$ cat work.cif   # mmCIF, C-alpha atoms
data_coords
loop_
_atom_site.label_atom_id
_atom_site.label_comp_id
_atom_site.auth_asym_id
_atom_site.auth_seq_id
_atom_site.Cartn_x
_atom_site.Cartn_y
_atom_site.Cartn_z
CA MET A 1 -19.41 126.91 225.06
CA ASN A 2 -21.23 128.46 228.01
CA LYS A 3 -24.10 129.52 225.74
CA VAL A 4 -24.10 126.07 224.13
CA ARG A 5 -24.39 124.53 227.60
CA ILE A 6 -27.29 126.82 228.52
CA VAL A 7 -29.17 125.95 225.33
CA ALA A 8 -28.48 122.23 225.77
CA VAL A 9 -29.69 122.17 229.39
CA ARG A 10 -32.79 124.18 228.53
CA GLU A 11 -33.72 121.93 225.59
CA PHE A 12 -33.06 118.75 227.61
CA LEU A 13 -35.18 119.83 230.59
CA ALA A 14 -37.99 121.18 228.42
CA THR A 15 -38.15 117.91 226.48
CA VAL A 16 -38.00 115.43 229.37
CA LYS A 17 -40.77 117.32 231.21
CA ARG A 18 -43.21 116.98 228.34
CA LYS A 19 -46.13 114.63 229.01
CA SER A 20 -45.78 113.08 225.56
CA TYR A 21 -42.11 112.31 226.25
CA LEU A 22 -42.87 110.73 229.63
CA ILE A 23 -45.75 108.69 228.23
CA VAL A 24 -43.68 107.34 225.36
CA THR A 25 -40.59 106.72 227.50
CA PHE A 26 -42.28 104.83 230.32
CA GLY A 27 -45.40 103.69 228.51
CA MET A 28 -43.63 101.99 225.61
CA PRO A 29 -42.06 99.22 227.78
CA PHE A 30 -45.46 98.68 229.43
CA PHE A 31 -47.33 98.24 226.14
CA VAL A 32 -44.52 96.16 224.66
CA GLY A 33 -44.65 93.96 227.77
CA ILE A 34 -48.39 93.45 227.32
CA TYR A 35 -47.90 92.63 223.63
CA VAL A 36 -45.07 90.17 224.34
CA GLY A 37 -47.17 88.61 227.09
CA LEU A 38 -50.04 88.03 224.69
CA VAL A 39 -47.66 86.68 222.07
CA ALA A 40 -46.27 84.28 224.67
CA VAL A 41 -49.59 83.17 226.20
CA LEU A 42 -51.59 82.53 223.03
CA PRO A 43 -49.04 80.19 221.40
CA THR A 44 -48.76 78.36 224.73
CA ILE A 45 -52.48 77.62 224.60
CA PHE A 46 -52.27 76.41 221.02
CA ILE A 47 -49.18 74.30 221.75
CA ALA A 48 -50.89 72.75 224.77
CA GLN A 49 -53.93 71.92 222.64
CA SER A 50 -51.71 70.46 219.94
CA SER A 51 -49.80 68.36 222.48
CA ALA A 52 -53.06 67.07 223.99
CA ALA A 53 -54.34 66.05 220.56
CA LYS A 54 -51.05 64.54 219.43
CA LYS A 55 -51.34 61.00 218.05
CA ASP A 56 -48.91 58.22 217.19
CA TYR A 57 -47.48 57.55 213.76
CA GLY A 58 -48.57 54.48 211.84
CA LEU A 59 -45.94 52.17 210.33
CA VAL A 60 -46.35 49.32 207.83
CA ASP A 61 -43.14 47.38 207.25
CA LEU A 62 -43.73 45.33 204.09
CA ALA A 63 -39.97 44.92 203.54
CA GLY A 64 -39.38 43.42 206.99
CA VAL A 65 -36.39 45.68 207.76
CA ILE A 66 -37.63 47.48 210.89
CA ASP A 67 -36.20 46.15 214.17
CA ALA A 68 -38.96 45.97 216.81
CA ALA A 69 -36.41 46.60 219.57
CA GLU A 70 -35.48 49.92 217.95
CA VAL A 71 -39.16 50.91 217.76
CA ASP A 72 -39.54 50.25 221.50
CA ARG A 73 -36.31 52.12 222.25
CA MET A 74 -37.56 55.20 220.38
CA ALA A 75 -40.97 55.01 222.09
CA ARG A 76 -39.30 54.94 225.53
CA GLY A 77 -37.33 58.07 224.66
CA GLU A 78 -33.94 56.39 225.00
CA ASP A 79 -32.69 57.86 221.74
CA HIS A 80 -30.96 61.23 221.91
CA ASP A 81 -31.45 62.95 218.60
CA GLU A 82 -30.12 66.44 217.90
CA MET A 83 -33.36 68.17 218.88
CA ARG A 84 -33.51 66.39 222.20
CA GLN A 85 -29.88 67.21 222.95
CA ALA A 86 -30.44 70.89 222.06
CA ALA A 87 -33.55 71.03 224.27
CA GLU A 88 -31.63 69.48 227.16
CA ARG A 89 -28.88 72.10 226.78
CA ILE A 90 -31.49 74.89 226.84
CA GLN A 91 -32.99 73.43 230.00
CA LYS A 92 -29.53 73.22 231.55
CA VAL A 93 -28.70 76.85 230.70
CA ALA A 94 -32.05 78.01 232.06
CA GLY A 95 -31.43 76.06 235.27
CA GLY A 96 -34.61 74.06 234.78
CA ARG A 97 -36.70 77.25 235.15
CA ALA A 98 -38.17 77.28 231.64
CA SER A 99 -41.89 77.97 231.82
CA GLY A 100 -44.82 79.10 229.71
CA MET A 101 -44.38 78.87 225.96
CA ALA A 102 -40.71 77.83 226.30
CA ALA A 103 -41.61 74.90 228.57
CA SER A 104 -44.47 73.80 226.30
CA LEU A 105 -42.24 73.99 223.26
CA LEU A 106 -39.48 72.03 225.01
CA ARG A 107 -41.95 69.35 226.06
CA GLU A 108 -43.19 68.96 222.50
CA VAL A 109 -39.65 68.86 221.11
CA THR A 110 -38.45 66.26 223.59
CA ALA A 111 -41.60 64.08 223.54
CA PRO A 112 -40.81 60.52 222.41
CA ILE A 113 -41.97 59.56 218.93
CA VAL A 114 -44.16 56.45 218.91
CA PHE A 115 -44.66 54.30 215.81
CA GLU A 116 -47.69 52.00 215.89
CA PRO A 117 -47.10 48.94 213.65
CA PHE A 118 -49.80 47.63 211.32
CA GLY A 119 -49.86 44.31 209.46
CA SER A 120 -51.09 45.75 206.17
CA LYS A 121 -51.55 49.02 204.35
CA ASP A 122 -55.32 48.71 204.51
CA GLU A 123 -55.25 48.48 208.30
CA GLY A 124 -53.04 51.55 208.50
CA LEU A 125 -55.26 53.55 206.13
CA ALA A 126 -58.32 52.56 208.16
CA ALA A 127 -56.65 53.85 211.32
CA LEU A 128 -55.71 57.09 209.49
CA ARG A 129 -59.33 57.60 208.38
CA ALA A 130 -60.48 56.95 211.95
CA GLU A 131 -57.94 59.62 213.08
CA THR A 132 -56.32 57.32 215.63
CA ILE A 133 -52.92 58.00 214.06
CA GLU A 134 -51.45 61.22 212.72
CA ARG A 135 -49.69 59.90 209.64
CA LEU A 136 -48.96 56.57 208.04
CA TYR A 137 -45.60 55.50 206.67
CA VAL A 138 -45.31 52.40 204.47
CA VAL A 139 -41.97 50.70 203.76
CA PRO A 140 -42.56 48.92 200.37
CA ALA A 141 -41.66 45.26 199.93
CA ASP A 142 -38.93 46.14 197.40
CA TRP A 143 -37.42 48.87 199.56
CA MET A 144 -34.05 47.08 199.85
CA THR A 145 -33.59 47.17 196.07
CA ARG A 146 -35.54 50.27 195.02
CA GLY A 147 -35.84 52.43 198.12
CA GLY A 148 -38.55 55.04 198.64
CA ILE A 149 -41.11 55.45 201.43
CA GLU A 150 -44.85 55.98 201.03
CA SER A 151 -46.37 58.66 203.29
CA TYR A 152 -50.09 59.16 203.92
CA GLN A 153 -51.84 61.97 205.78
CA PRO A 154 -55.41 63.33 206.07
CA GLU A 155 -56.56 65.96 203.58
CA ASN A 156 -57.14 68.48 206.38
CA ALA A 157 -53.79 67.81 208.07
CA SER A 158 -52.20 70.94 209.52
CA PHE A 159 -48.51 71.61 210.02
CA SER A 160 -46.91 71.40 213.44
CA PHE A 161 -43.35 71.15 214.63
CA ALA A 162 -43.81 67.71 216.20
CA ARG A 163 -45.37 66.26 213.05
CA SER A 164 -42.44 67.39 210.93
CA ARG A 165 -40.20 65.17 213.06
CA GLY A 166 -41.97 62.02 211.90
CA ARG A 167 -40.02 61.61 208.65
CA GLU A 168 -36.71 62.31 210.40
CA ALA A 169 -37.58 59.77 213.10
CA LEU A 170 -38.38 57.16 210.44
CA GLU A 171 -35.01 57.78 208.77
CA THR A 172 -33.30 57.27 212.12
CA LEU A 173 -35.33 54.14 212.77
CA LEU A 174 -34.42 52.61 209.39
CA SER A 175 -30.70 53.35 209.77
CA ARG A 176 -30.62 51.88 213.27
CA SER A 177 -32.52 48.80 212.16
CA LEU A 178 -30.01 48.20 209.37
CA LEU A 179 -27.10 48.58 211.80
CA ALA A 180 -28.62 46.32 214.47
CA ASP A 181 -26.77 42.98 214.92
CA ARG A 182 -24.29 44.05 212.25
CA VAL A 183 -22.25 46.77 214.01
CA PRO A 184 -21.12 46.85 217.67
CA ALA A 185 -23.30 49.07 219.86
CA ASP A 186 -20.44 51.42 220.76
CA LEU A 187 -19.83 52.20 217.06
CA ARG A 188 -23.43 52.78 216.03
CA SER A 189 -23.63 56.35 217.35
CA ARG A 190 -20.46 57.27 215.47
CA ILE A 191 -21.84 55.85 212.24
CA GLU A 192 -25.15 57.67 212.65
CA ASP A 193 -23.38 60.97 213.43
CA PRO A 194 -19.73 60.63 212.38
CA VAL A 195 -18.73 64.33 212.56
CA LEU A 196 -20.91 66.42 214.87
CA ASN A 197 -21.03 64.25 217.97
CA ALA A 198 -20.32 64.87 221.64
CA ALA A 199 -16.60 64.11 221.26
CA SER A 200 -16.06 66.61 218.42
CA GLU A 201 -14.09 69.79 219.14
CA SER A 202 -13.56 73.05 217.25
CA PHE A 203 -10.57 75.40 217.52
CA THR A 204 -9.44 78.79 216.25
CA VAL A 205 -5.94 79.63 215.04
CA GLY A 206 -4.64 83.17 215.56
CA LYS A 207 -2.20 85.08 213.37
CA ASP A 208 0.53 84.30 215.89
CA GLY A 209 -0.15 80.58 215.56
CA ARG A 210 -1.87 80.20 218.94
CA VAL A 211 -4.58 77.56 219.00
CA LYS A 212 -7.51 77.82 221.39
CA PRO A 213 -10.98 76.26 221.65
CA LEU A 214 -13.70 77.89 219.57
CA ASN A 215 -16.00 80.04 221.71
CA ALA A 216 -19.23 80.36 219.74
CA MET A 217 -20.75 82.86 222.21
CA GLU A 218 -17.70 85.12 221.90
CA ARG A 219 -17.96 85.10 218.10
CA ILE A 220 -21.67 85.88 218.29
CA ALA A 221 -20.96 88.75 220.71
CA ARG A 222 -18.43 90.27 218.29
CA PHE A 223 -21.14 90.60 215.67
CA ALA A 224 -23.96 91.35 218.12
CA ILE A 225 -22.24 94.40 219.65
CA PRO A 226 -21.84 96.27 216.32
CA GLY A 227 -25.35 95.21 215.31
CA VAL A 228 -26.83 96.60 218.53
CA PHE A 229 -24.85 99.84 218.18
CA ALA A 230 -25.99 100.23 214.55
CA LEU A 231 -29.61 99.69 215.56
CA LEU A 232 -29.33 102.15 218.45
CA PHE A 233 -27.63 104.66 216.14
CA VAL A 234 -30.55 104.56 213.70
CA MET A 235 -33.15 104.73 216.49
CA SER A 236 -31.42 107.56 218.36
CA VAL A 237 -31.02 109.66 215.22
CA MET A 238 -34.65 109.17 214.25
CA ILE A 239 -35.98 109.91 217.74
CA SER A 240 -33.70 112.87 218.41
CA SER A 241 -34.23 114.41 214.97
CA GLY A 242 -37.97 114.22 215.58
CA TYR A 243 -37.61 116.21 218.80
CA LEU A 244 -35.21 118.65 217.10
CA LEU A 245 -37.44 119.35 214.13
CA GLN A 246 -40.54 119.61 216.31
CA GLY A 247 -38.85 122.14 218.61
CA VAL A 248 -37.52 124.20 215.69
CA ALA A 249 -40.93 124.25 214.01
CA GLU A 250 -42.62 125.45 217.21
CA GLU A 251 -40.06 128.23 217.73
CA LYS A 252 -40.41 129.36 214.11
CA GLU A 253 -44.20 129.49 214.32
CA THR A 254 -44.16 131.48 217.59
CA ARG A 255 -41.28 133.69 216.39
CA VAL A 256 -39.43 133.03 219.61
CA ILE A 257 -36.43 132.10 217.49
CA GLU A 258 -35.83 135.77 216.58
CA ILE A 259 -35.36 136.65 220.25
CA ILE A 260 -33.07 133.66 220.80
CA LEU A 261 -30.86 134.52 217.81
CA SER A 262 -30.35 138.00 219.22
CA SER A 263 -28.42 136.42 222.12
CA VAL A 264 -26.66 133.39 220.58
CA ARG A 265 -25.09 132.61 217.24
CA PRO A 266 -26.79 130.07 214.95
CA TYR A 267 -23.92 127.60 215.42
CA GLN A 268 -24.23 127.79 219.19
CA LEU A 269 -28.00 127.34 219.02
CA LEU A 270 -27.69 124.41 216.62
CA PHE A 271 -25.02 122.63 218.66
CA GLY A 272 -26.85 123.28 221.94
CA LYS A 273 -30.11 121.91 220.56
CA LEU A 274 -28.28 118.92 219.13
CA LEU A 275 -26.69 118.08 222.48
CA GLY A 276 -29.77 118.75 224.62
CA LEU A 277 -32.38 117.03 222.48
CA GLY A 278 -29.93 114.30 221.55
CA ALA A 279 -29.35 113.61 225.24
CA ALA A 280 -33.12 113.37 225.75
CA GLY A 281 -33.41 110.87 222.93
CA LEU A 282 -30.48 108.82 224.26
CA LEU A 283 -32.00 108.84 227.76
CA GLN A 284 -35.17 107.40 226.29
CA LEU A 285 -33.19 104.63 224.59
CA ILE A 286 -31.25 103.88 227.78
CA ILE A 287 -34.49 103.47 229.74
CA TRP A 288 -35.91 101.13 227.10
CA ILE A 289 -32.68 99.09 227.03
CA ALA A 290 -32.56 98.90 230.85
CA VAL A 291 -36.15 97.65 231.03
CA GLY A 292 -35.48 95.16 228.23
CA SER A 293 -32.31 93.94 229.94
CA LEU A 294 -34.21 93.28 233.16
CA ALA A 295 -36.78 91.30 231.18
CA VAL A 296 -34.08 89.10 229.65
CA SER A 297 -31.55 89.18 232.48
CA LEU A 298 -30.07 85.82 231.47
CA LEU A 299 -29.19 87.04 227.98
CA ALA A 300 -27.94 90.39 229.33
CA ALA A 301 -25.61 88.62 231.79
CA ALA A 302 -24.28 86.39 229.01
CA ALA A 303 -23.69 89.44 226.77
CA LEU A 304 -21.77 91.28 229.53
CA ALA A 305 -19.65 88.21 230.19
CA MET A 306 -18.62 88.09 226.52
CA LEU A 307 -18.20 91.88 226.13
CA ASP A 308 -15.15 92.95 224.14
CA PHE A 309 -14.14 96.28 225.72
CA LYS A 310 -12.04 97.49 222.74
CA LEU A 311 -14.84 96.70 220.31
CA PHE A 312 -17.34 98.44 222.58
CA VAL A 313 -15.23 101.62 222.77
CA GLY A 314 -14.64 101.63 219.00
CA CYS A 315 -18.36 101.33 218.24
CA LEU A 316 -19.12 104.02 220.84
CA VAL A 317 -16.71 106.47 219.17
CA PHE A 318 -18.30 106.04 215.75
CA PHE A 319 -21.75 106.15 217.33
CA ILE A 320 -21.11 109.59 218.89
CA LEU A 321 -19.38 111.07 215.84
CA GLY A 322 -22.05 109.75 213.50
CA PHE A 323 -24.81 111.08 215.72
CA LEU A 324 -23.30 114.59 215.81
CA MET A 325 -22.78 114.73 212.05
CA LEU A 326 -26.09 113.25 210.95
CA GLY A 327 -28.06 115.12 213.62
CA SER A 328 -26.61 118.48 212.59
CA LEU A 329 -27.23 117.83 208.88
CA MET A 330 -30.82 116.74 209.49
CA THR A 331 -31.49 119.76 211.71
CA GLY A 332 -29.88 122.27 209.34
CA THR A 333 -31.70 120.90 206.30
CA GLY A 334 -34.98 120.45 208.16
CA ALA A 335 -34.95 124.10 209.20
CA LEU A 336 -35.44 125.05 205.54
CA GLY A 337 -38.95 123.55 205.55
CA THR A 338 -42.00 125.76 205.94
CA ASN A 339 -43.69 123.32 208.35
CA ALA A 340 -42.86 120.31 210.50
CA ARG A 341 -43.92 117.75 207.88
CA GLU A 342 -41.84 119.33 205.13
CA SER A 343 -38.87 119.63 207.50
CA GLN A 344 -39.10 115.91 208.29
CA GLN A 345 -39.15 115.04 204.58
CA LEU A 346 -36.06 117.16 203.89
CA ALA A 347 -34.20 115.69 206.84
CA THR A 348 -35.01 112.12 205.78
CA ILE A 349 -32.70 112.49 202.78
CA TRP A 350 -29.62 112.34 205.02
CA SER A 351 -30.82 109.33 206.97
CA MET A 352 -31.47 107.42 203.74
CA VAL A 353 -27.98 108.20 202.43
CA THR A 354 -26.46 107.08 205.74
CA ILE A 355 -28.45 103.88 206.28
CA MET A 356 -29.21 102.44 202.84
CA PRO A 357 -25.69 101.73 201.44
CA PRO A 358 -24.52 99.69 204.50
CA ALA A 359 -27.93 98.01 204.71
CA PHE A 360 -27.66 96.70 201.14
CA THR A 361 -23.96 95.76 201.31
CA TRP A 362 -23.57 94.43 204.87
CA MET A 363 -22.92 90.87 203.71
CA GLY A 364 -20.11 92.02 201.44
CA ILE A 365 -18.70 94.17 204.24
CA LEU A 366 -18.62 91.21 206.65
CA ASP A 367 -17.16 88.84 204.03
CA SER A 368 -14.43 91.30 203.00
CA PRO A 369 -14.03 93.97 205.74
CA ASN A 370 -10.82 95.31 204.15
CA GLY A 371 -12.06 95.21 200.57
CA THR A 372 -12.46 98.20 198.30
CA LEU A 373 -16.20 98.59 198.89
CA ALA A 374 -15.89 98.30 202.68
CA ARG A 375 -13.08 100.88 202.82
CA ILE A 376 -14.84 103.37 200.54
CA LEU A 377 -17.99 103.21 202.67
CA GLY A 378 -15.88 103.28 205.85
CA TRP A 379 -14.01 106.41 204.78
CA PHE A 380 -17.03 108.31 203.42
CA PRO A 381 -18.32 110.38 206.39
CA LEU A 382 -22.03 109.72 205.87
CA THR A 383 -21.74 105.94 205.63
CA ALA A 384 -18.75 105.57 207.96
CA PRO A 385 -20.59 105.14 211.31
CA ILE A 386 -22.60 102.01 210.46
CA THR A 387 -19.98 100.60 208.08
CA MET A 388 -17.15 100.88 210.61
CA MET A 389 -19.27 99.27 213.33
CA LEU A 390 -19.80 96.28 211.06
CA ARG A 391 -16.13 96.16 210.05
CA LEU A 392 -14.90 96.36 213.64
CA GLY A 393 -17.03 93.35 214.53
CA THR A 394 -14.94 91.15 212.22
CA GLY A 395 -11.76 91.93 214.19
CA LYS A 396 -9.77 92.28 210.95
CA VAL A 397 -9.58 96.08 210.54
CA PRO A 398 -6.03 97.56 210.89
CA TRP A 399 -5.59 100.25 213.54
CA TRP A 400 -4.53 102.85 210.95
CA ASP A 401 -7.70 102.19 208.93
CA MET A 402 -9.90 102.77 211.97
CA LEU A 403 -7.95 105.91 212.94
CA LEU A 404 -8.15 107.33 209.41
CA SER A 405 -11.91 106.76 209.29
CA ALA A 406 -12.35 108.43 212.70
CA LEU A 407 -10.30 111.47 211.61
CA ILE A 408 -12.26 111.83 208.37
CA LEU A 409 -15.48 111.55 210.35
CA CYS A 410 -14.29 114.24 212.79
CA ALA A 411 -13.63 116.54 209.83
CA GLY A 412 -17.08 115.66 208.52
CA VAL A 413 -18.65 116.58 211.86
CA TYR A 414 -16.92 119.98 211.87
CA LEU A 415 -17.92 120.68 208.27
CA ALA A 416 -21.49 119.50 208.85
CA ILE A 417 -21.92 121.79 211.85
CA ARG A 418 -20.51 124.78 209.94
CA LEU A 419 -22.68 124.21 206.86
CA SER A 420 -25.76 123.30 208.86
CA GLY A 421 -25.34 126.43 210.97
CA GLY A 422 -25.66 128.57 207.85
CA LEU A 423 -28.72 126.66 206.65
CA PHE A 424 -30.12 126.77 210.16
CA ARG A 425 -29.86 130.55 210.29
CA LEU A 426 -31.38 130.94 206.81
CA GLY A 427 -34.28 128.63 207.57
CA LEU A 428 -35.10 130.14 210.95
CA LEU A 429 -35.28 133.71 209.72
CA MET A 430 -37.53 132.98 206.74
CA TYR A 431 -41.28 132.63 207.28
CA GLY A 432 -43.94 131.45 204.86
CA LYS A 433 -41.62 130.65 201.94
CA ARG A 434 -38.89 128.19 201.06
CA PRO A 435 -35.37 129.55 200.42
CA THR A 436 -34.26 129.52 196.80
CA LEU A 437 -31.27 127.50 195.65
CA ARG A 438 -29.27 130.70 195.15
CA GLU A 439 -29.91 131.77 198.74
CA VAL A 440 -28.90 128.34 200.03
CA ILE A 441 -25.64 128.40 198.04
CA ARG A 442 -24.86 131.92 199.28
CA GLN A 443 -25.34 130.84 202.90
CA LEU A 444 -23.17 127.75 202.39
CA ARG A 445 -20.38 129.92 200.96
CA HIS A 446 -20.70 132.33 203.87
CA ALA A 447 -20.52 129.41 206.34
#
$ encode --input "work.cif" --output "structure tokens"
Amino acid sequence: MNKVRIVAVREFLATVKRKSYLIVTFGMPFFVGIYVGLVAVLPTIFIAQSSAAKKDYGLVDLAGVIDAAEVDRMARGEDHDEMRQAAERIQKVAGGRASGMAASLLREVTAPIVFEPFGSKDEGLAALRAETIERLYVVPADWMTRGGIESYQPENASFSFARSRGREALETLLSRSLLADRVPADLRSRIEDPVLNAASESFTVGKDGRVKPLNAMERIARFAIPGVFALLFVMSVMISSGYLLQGVAEEKETRVIEIILSSVRPYQLLFGKLLGLGAAGLLQLIIWIAVGSLAVSLLAAAALAMLDFKLFVGCLVFFILGFLMLGSLMTGTGALGTNARESQQLATIWSMVTIMPPAFTWMGILDSPNGTLARILGWFPLTAPITMMLRLGTGKVPWWDMLLSALILCAGVYLAIRLSGGLFRLGLLMYGKRPTLREVIRQLRHA
């Protein structure tokens, strides 16, 4: 273990001192920040231009069913539709500090919808051609018996979020007009929204029969934590394997590897490189996550408040074990390549086997976390890391199932390091040619 530690420290320090590593590590957040800033500023300009050019909606009521008082109420912004309520909640959560694109979007969402009445369809169409209104809605004279609304818009009309609210606002206006003077005012809101209103409540029932209010953020966090760990697992393996294969290729080309193998065993060299270069890759991810968390401090604080410690530890265990197994397999197989590009192609096979099955079956895993498919993928060492992270997020996995998967994965890590050590030794000592299948099998038997 002392030699493993020496190799790991040497590989870690040599990697983090590289200019390319420093540029990518600290430059990536900078360039991403510039990109996000542009993405935020440009839509703000377009939204501001759209808001400045926003026009009223035209309305022709040939059936005589629209209540003028309801039209005025909507124009004054006294109605509280779902979009307005959601926008108000966002403003409340943000403490009224929403700015830039968020503020522009909130203003457009919460802007009152104004219907301009016309006496006839011809007058409304003339106003539409003159571009004084955005769209024209006509309630036919036989609407009470036949139903159906006529909608008119310019040929060059473009789509915007505010314009899409026009039809929904007209539906609300018609329903309120029909209820006016027929239903008491305190009952109208319950008729318009009988289920999902402010007085509605949701609860969860545990296996022990305990009932408690539904915490949507907590449920989101239970699925977000495994999702974040799975994403970081894929990124860390890809980044670290790149450093591993690059370092191995350089040492093979300079023949420094022959001198190194005279002092350490292939298994010690492999494990030391895996720990050192893996730590460098994880450090890079931690820096990116820290910078991203500072940029979205409100979301980071909410995530920490809802953090499930047991779920976090469980995902961390499978993250580490999966990283050790997949990293060793990719390094051992990649060492068989004659150059860095070929090594990367050989190593990609393991990442595809690990990532693709859970990626295609994640919906089935979440729907039935203890089903046959979920358990097979959770017990198979290569697919276990990502699959178990997803299963743990459901909160329905028995403790013995999780323990069995972890033990199988530990055995897989040991076997992967042993087999990869043999391939690692074979690949490092061969120059200019690819090992034959017979030589690979002989080394695997020896390992």
$ atom_distance --input "work.cif" --atom1 "atom CA of A:Tyr35" --atom2 "atom CA of A:Val291"
14.8 Å
$ residues_around --input "work.cif" --residues "A:Ile191" --least-positions-apart "2" --cutoff "12 Å" --atoms "all atoms listed in the file" --output "list in words"
Thr172, Ser175, Arg176, Leu178, Leu179, Ala180, Val183, Pro184, Ala185, Asp186, Leu187, Arg188, Ser189, Asp193, Pro194, Val195, Leu196 and Asn197 of chain A
$ write_last_selection --input "work.cif" --atoms "C-alpha atoms" --output "short mmCIF file (atom, residue, chain, number, x, y, z; two decimals), keeping the file's coordinate frame"
data_model
loop_
_atom_site.label_atom_id
_atom_site.label_comp_id
_atom_site.auth_asym_id
_atom_site.auth_seq_id
_atom_site.Cartn_x
_atom_site.Cartn_y
_atom_site.Cartn_z
CA THR A 172 -33.30 57.27 212.12
CA SER A 175 -30.70 53.35 209.77
CA ARG A 176 -30.62 51.88 213.27
CA LEU A 178 -30.01 48.20 209.37
CA LEU A 179 -27.10 48.58 211.80
CA ALA A 180 -28.62 46.32 214.47
CA VAL A 183 -22.25 46.77 214.01
CA PRO A 184 -21.12 46.85 217.67
CA ALA A 185 -23.30 49.07 219.86
CA ASP A 186 -20.44 51.42 220.76
CA LEU A 187 -19.83 52.20 217.06
CA ARG A 188 -23.43 52.78 216.03
CA SER A 189 -23.63 56.35 217.35
CA ASP A 193 -23.38 60.97 213.43
CA PRO A 194 -19.73 60.63 212.38
CA VAL A 195 -18.73 64.33 212.56
CA LEU A 196 -20.91 66.42 214.87
CA ASN A 197 -21.03 64.25 217.97
#
$ resolve_selection --input "work.cif" --expression "the PyMOL selection byres ((chain A and resi 416) around 9)" --output "ChimeraX atom specification"
/A:324-326,328-329,332,411-415,417-421
$ atom_distance --input "work.cif" --atom1 "atom CA of A:Ala406" --atom2 "atom CA of A:Gly206"
26.6 Å
$ closest_residue --input "work.cif" --among "A:Leu407, A:Leu423, A:Phe309, A:Gly58" --to "A:Phe380" --atoms "only C-alpha atoms"
A:Leu407
$ resolve_selection --input "work.cif" --expression "the PyMOL selection byres ((chain A and resi 393-396) around 6)" --output "JSON, numbers by chain"
{"A": [222, 223, 226, 390, 391, 392, 397]}
$ atom_distance --input "work.cif" --atom1 "atom CA of A:Gln268" --atom2 "atom CA of A:Val237"
19.8 Å
$ closest_residue --input "work.cif" --among "A:Val32, A:Glu11, A:Ile386, A:Ala279" --to "A:Met356" --atoms "all atoms listed in the file"
A:Ile386
$ resolve_selection --input "work.cif" --expression "the PyMOL selection byres ((chain A and resi 388) around 12)" --output "number ranges by chain"
A: 226-227, 229-230, 311, 314-319, 321-322, 358, 362, 365-366, 369-370, 373-387, 389-399, 401-406, 409
